[in-house]
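Read through the structure below, which is laid out as structure tokens, and then see the notes.
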Amino acid sequence: MPLFDIPPFPQIPVLGEDETYPVRRIFCVGRNYADHAKEMGHQPDLEAPFFFCKTPSAICLSPATTPYALGTEDLHHEMELVVALGRPAFRATREEAAEAVYAYATGLDMTRRDRQQDGKDKRRPWDFGKDFEDAAVIAPLTKASDFGPVADQRITLTVNGKLRQEATLDQLLHDIPAVIAYLSHYYHLGPGDLIYTGTPAGVGPVAVGDKLHGEIDGLTPLDLTIGPKE
């Protein structure tokens, strides 16, 4: 018997299905759009993607109202395409990686930018900047067979009705098969693994009361309201 109970893995609704998708792990790709890399002061890196992780407890189902994050004065939005895996992928080829995709969703990688910068300045991990409660916002999943190929679908984010981020998915520096195949050489990937695939340019701060609305053509939109600080 365990000493105490812990919450179960988060469950994501799947359009057209009664069953939900349990989240085991969350991987996130950094600087996967050229313009975003530049706005963060870096040159785009075409050699290999790089990653950071969030714990499943960071999941926040859209639509939601969440408190302004603890421990920050500079909370930022990062709109992203999320990939949900449905098959194992280990040392996968591009073809095997593509076949491992189960579904897609709209997502937000919320970021404590000041805490992330602390890590950069001190050459320390980004955990305080990236992994915290409600930092991985996600809308219901759409199965890959219903969404079709990832191509030039539009990805946008508005804050209080004003456009902040806009791009198309064909602008990803590392496409979905490349991301999965590369990551599969470092992890035994499988069902329950989510990959946040990177954000376009236009990231910026949010304030208490802000209403965020994210869209990707063909997927369920995402809505998040920033509530008062705790």
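FYI, nothing fancy with the structure tokens labels: chains A, B, ... in order, residues from 1 per chain, ligands from 1 as they appear.
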
Residues near Asp152 in chain A, anyone? I mean within 9 Å using only C-alpha atoms, not counting same-chain ones fewer than 3 positions away, as a PyMOL selection string. chain A and resi 167-171

Please produce a file of those selected residues containing N, CA, C and O atoms, as a PDB file, in the first residue's frame.
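out-v9.pdb was written with the following content:
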```pdb
ATOM      1  N   ALA A 167       1.571  32.501 -37.887  1.00  0.00           N
ATOM      2  CA  ALA A 167       2.516  31.798 -38.765  1.00  0.00           C
ATOM      3  C   ALA A 167       1.755  30.662 -39.441  1.00  0.00           C
ATOM      4  O   ALA A 167       0.535  30.539 -39.293  1.00  0.00           O
ATOM      5  N   THR A 168       2.462  29.846 -40.195  1.00  0.00           N
ATOM      6  CA  THR A 168       1.906  28.609 -40.746  1.00  0.00           C
ATOM      7  C   THR A 168       2.809  27.457 -40.342  1.00  0.00           C
ATOM      8  O   THR A 168       4.018  27.641 -40.103  1.00  0.00           O
ATOM      9  N   LEU A 169       2.217  26.273 -40.254  1.00  0.00           N
ATOM     10  CA  LEU A 169       2.953  25.129 -39.719  1.00  0.00           C
ATOM     11  C   LEU A 169       4.094  24.679 -40.621  1.00  0.00           C
ATOM     12  O   LEU A 169       5.016  23.994 -40.153  1.00  0.00           O
ATOM     13  N   ASP A 170       4.063  25.057 -41.900  1.00  0.00           N
ATOM     14  CA  ASP A 170       5.181  24.693 -42.772  1.00  0.00           C
ATOM     15  C   ASP A 170       6.423  25.520 -42.486  1.00  0.00           C
ATOM     16  O   ASP A 170       7.483  25.288 -43.082  1.00  0.00           O
ATOM     17  N   GLN A 171       6.347  26.474 -41.549  1.00  0.00           N
ATOM     18  CA  GLN A 171       7.508  27.259 -41.156  1.00  0.00           C
ATOM     19  C   GLN A 171       8.302  26.610 -40.022  1.00  0.00           C
ATOM     20  O   GLN A 171       9.330  27.150 -39.598  1.00  0.00           O
TER      21      GLN A 171
END
```

Long-range neighbours of range 212-221 of chain A as a PyMOL selection string, 6 Å cut-off, only C-alpha atoms, 3 positions minimum in chain: chain A and resi 153-159+224

If we count only C-alpha atoms and set the cut-off at 7 Å, which residues sit around range 15-26 of chain A, ignoring sequence neighbours fewer than 4 positions away in its own chain? Please answer as a compact mmCIF listing (two decimals) with N, CA, C and O atoms, in the first residue's frame.
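Below is the file that was written, around.txt:
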```txt
# COMPACT_ATOMS: atom_id res chain seq x y z
N PHE A 9 -2.76 10.50 -13.74
CA PHE A 9 -2.29 11.23 -14.91
C PHE A 9 -3.44 12.05 -15.50
O PHE A 9 -4.59 11.58 -15.53
N PRO A 10 -3.15 13.25 -15.99
CA PRO A 10 -4.21 14.04 -16.64
C PRO A 10 -4.77 13.31 -17.86
O PRO A 10 -4.06 12.53 -18.51
N GLN A 11 -6.03 13.57 -18.16
CA GLN A 11 -6.71 12.94 -19.29
C GLN A 11 -7.17 14.04 -20.26
O GLN A 11 -7.80 15.01 -19.84
N CYS A 53 11.44 19.75 -20.81
CA CYS A 53 10.30 18.93 -20.41
C CYS A 53 9.42 19.68 -19.41
O CYS A 53 9.85 20.57 -18.70
N LYS A 54 8.16 19.27 -19.39
CA LYS A 54 7.22 19.68 -18.36
C LYS A 54 6.63 18.41 -17.74
O LYS A 54 6.51 17.39 -18.42
N THR A 55 6.28 18.47 -16.47
CA THR A 55 5.66 17.32 -15.82
C THR A 55 4.17 17.29 -16.16
O THR A 55 3.56 18.32 -16.46
N PRO A 56 3.54 16.11 -16.11
CA PRO A 56 2.10 16.03 -16.42
C PRO A 56 1.24 16.95 -15.57
O PRO A 56 0.17 17.39 -16.01
N PRO A 140 -8.90 19.93 -26.63
CA PRO A 140 -9.15 18.53 -26.98
C PRO A 140 -8.38 18.10 -28.24
O PRO A 140 -8.13 18.90 -29.14
N LEU A 141 -8.03 16.82 -28.27
CA LEU A 141 -7.24 16.27 -29.36
C LEU A 141 -8.12 15.98 -30.59
O LEU A 141 -9.28 15.58 -30.46
N THR A 142 -7.52 16.16 -31.75
CA THR A 142 -8.11 15.73 -33.03
C THR A 142 -7.23 14.64 -33.61
O THR A 142 -6.01 14.83 -33.75
N GLY A 192 0.85 8.23 -24.71
CA GLY A 192 0.87 9.06 -23.51
C GLY A 192 1.88 10.17 -23.55
O GLY A 192 1.88 11.04 -22.67
N ASP A 193 2.74 10.18 -24.56
CA ASP A 193 3.75 11.23 -24.69
C ASP A 193 3.23 12.36 -25.58
O ASP A 193 2.78 12.12 -26.71
N LEU A 194 3.28 13.58 -25.06
CA LEU A 194 2.94 14.78 -25.82
C LEU A 194 4.22 15.51 -26.21
O LEU A 194 5.18 15.54 -25.44
N ILE A 195 4.19 16.11 -27.39
CA ILE A 195 5.30 16.96 -27.84
C ILE A 195 4.75 18.31 -28.24
O ILE A 195 3.95 18.41 -29.18
```

Could you produce a table of the residues of range 115-205 of chain A lying within 6 Å of range 61-64 of chain A, with the nearest pair of atoms per residue and their separation in Å rounded to one decimal, using only C-alpha atoms, ordered by chain and increasing residue number, as a tab-separated table?
```
residue	atom	partner	partner_atom	distance
A:Val137	CA	A:Leu61	CA	5.9
A:Ile138	CA	A:Leu61	CA	5.3
A:Ala139	CA	A:Ser62	CA	4.9
```

All heavy atoms of the current selection, written as a PDB file, in the first residue's frame:
```
ATOM      1  N   VAL A 137      -1.030  24.325 -21.393  1.00  0.00           N
ATOM      2  CA  VAL A 137      -2.452  24.431 -21.727  1.00  0.00           C
ATOM      3  C   VAL A 137      -2.695  23.647 -23.016  1.00  0.00           C
ATOM      4  O   VAL A 137      -1.872  23.660 -23.936  1.00  0.00           O
ATOM      5  CB  VAL A 137      -2.857  25.906 -21.920  1.00  0.00           C
ATOM      6  CG1 VAL A 137      -4.366  26.028 -22.104  1.00  0.00           C
ATOM      7  CG2 VAL A 137      -2.385  26.744 -20.731  1.00  0.00           C
ATOM      8  N   ILE A 138      -3.832  22.948 -23.073  1.00  0.00           N
ATOM      9  CA  ILE A 138      -4.123  22.133 -24.250  1.00  0.00           C
ATOM     10  C   ILE A 138      -5.629  22.032 -24.466  1.00  0.00           C
ATOM     11  O   ILE A 138      -6.400  21.965 -23.501  1.00  0.00           O
ATOM     12  CB  ILE A 138      -3.490  20.727 -24.125  1.00  0.00           C
ATOM     13  CG1 ILE A 138      -3.569  19.956 -25.441  1.00  0.00           C
ATOM     14  CG2 ILE A 138      -4.109  19.955 -22.965  1.00  0.00           C
ATOM     15  CD1 ILE A 138      -2.726  18.679 -25.450  1.00  0.00           C
ATOM     16  N   ALA A 139      -6.032  22.048 -25.724  1.00  0.00           N
ATOM     17  CA  ALA A 139      -7.427  21.846 -26.115  1.00  0.00           C
ATOM     18  C   ALA A 139      -7.642  20.366 -26.427  1.00  0.00           C
ATOM     19  O   ALA A 139      -6.679  19.583 -26.510  1.00  0.00           O
ATOM     20  CB  ALA A 139      -7.762  22.716 -27.324  1.00  0.00           C
TER      21      ALA A 139
END
```

Give me, as a PyMOL selection string, all polymer residues having an atom no more than 10 Å from Leu70 in chain A, counting only C-alpha atoms and skipping those fewer than 5 positions away in the same chain. chain A and resi 75+112+132-133+229-230

How many Å separate CA of Asp74 in chain A from CA of Asp114 in chain A?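 Going from CA of Asp74 in chain A over to CA of Asp114 in chain A, I get 5.8 Å.
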
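Distance-wise, CA of Leu163 in chain A and CA of Thr199 in chain A end up 14.5 Å apart.
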
Among range 1-229 of chain A, which residues does DSSP mark as strand (DSSP E or B) when it is run on the backbone? Keep the chain and numbering as in the structure and answer as a ChimeraX atom specification. /A:11-12,14,21-22,25-30,33,50-54,59-61,64-67,75-77,79-85,89,101-109,111-112,136-138,141-143,154-159,162-168,172,189,193-196,204-205,211-216,222-227
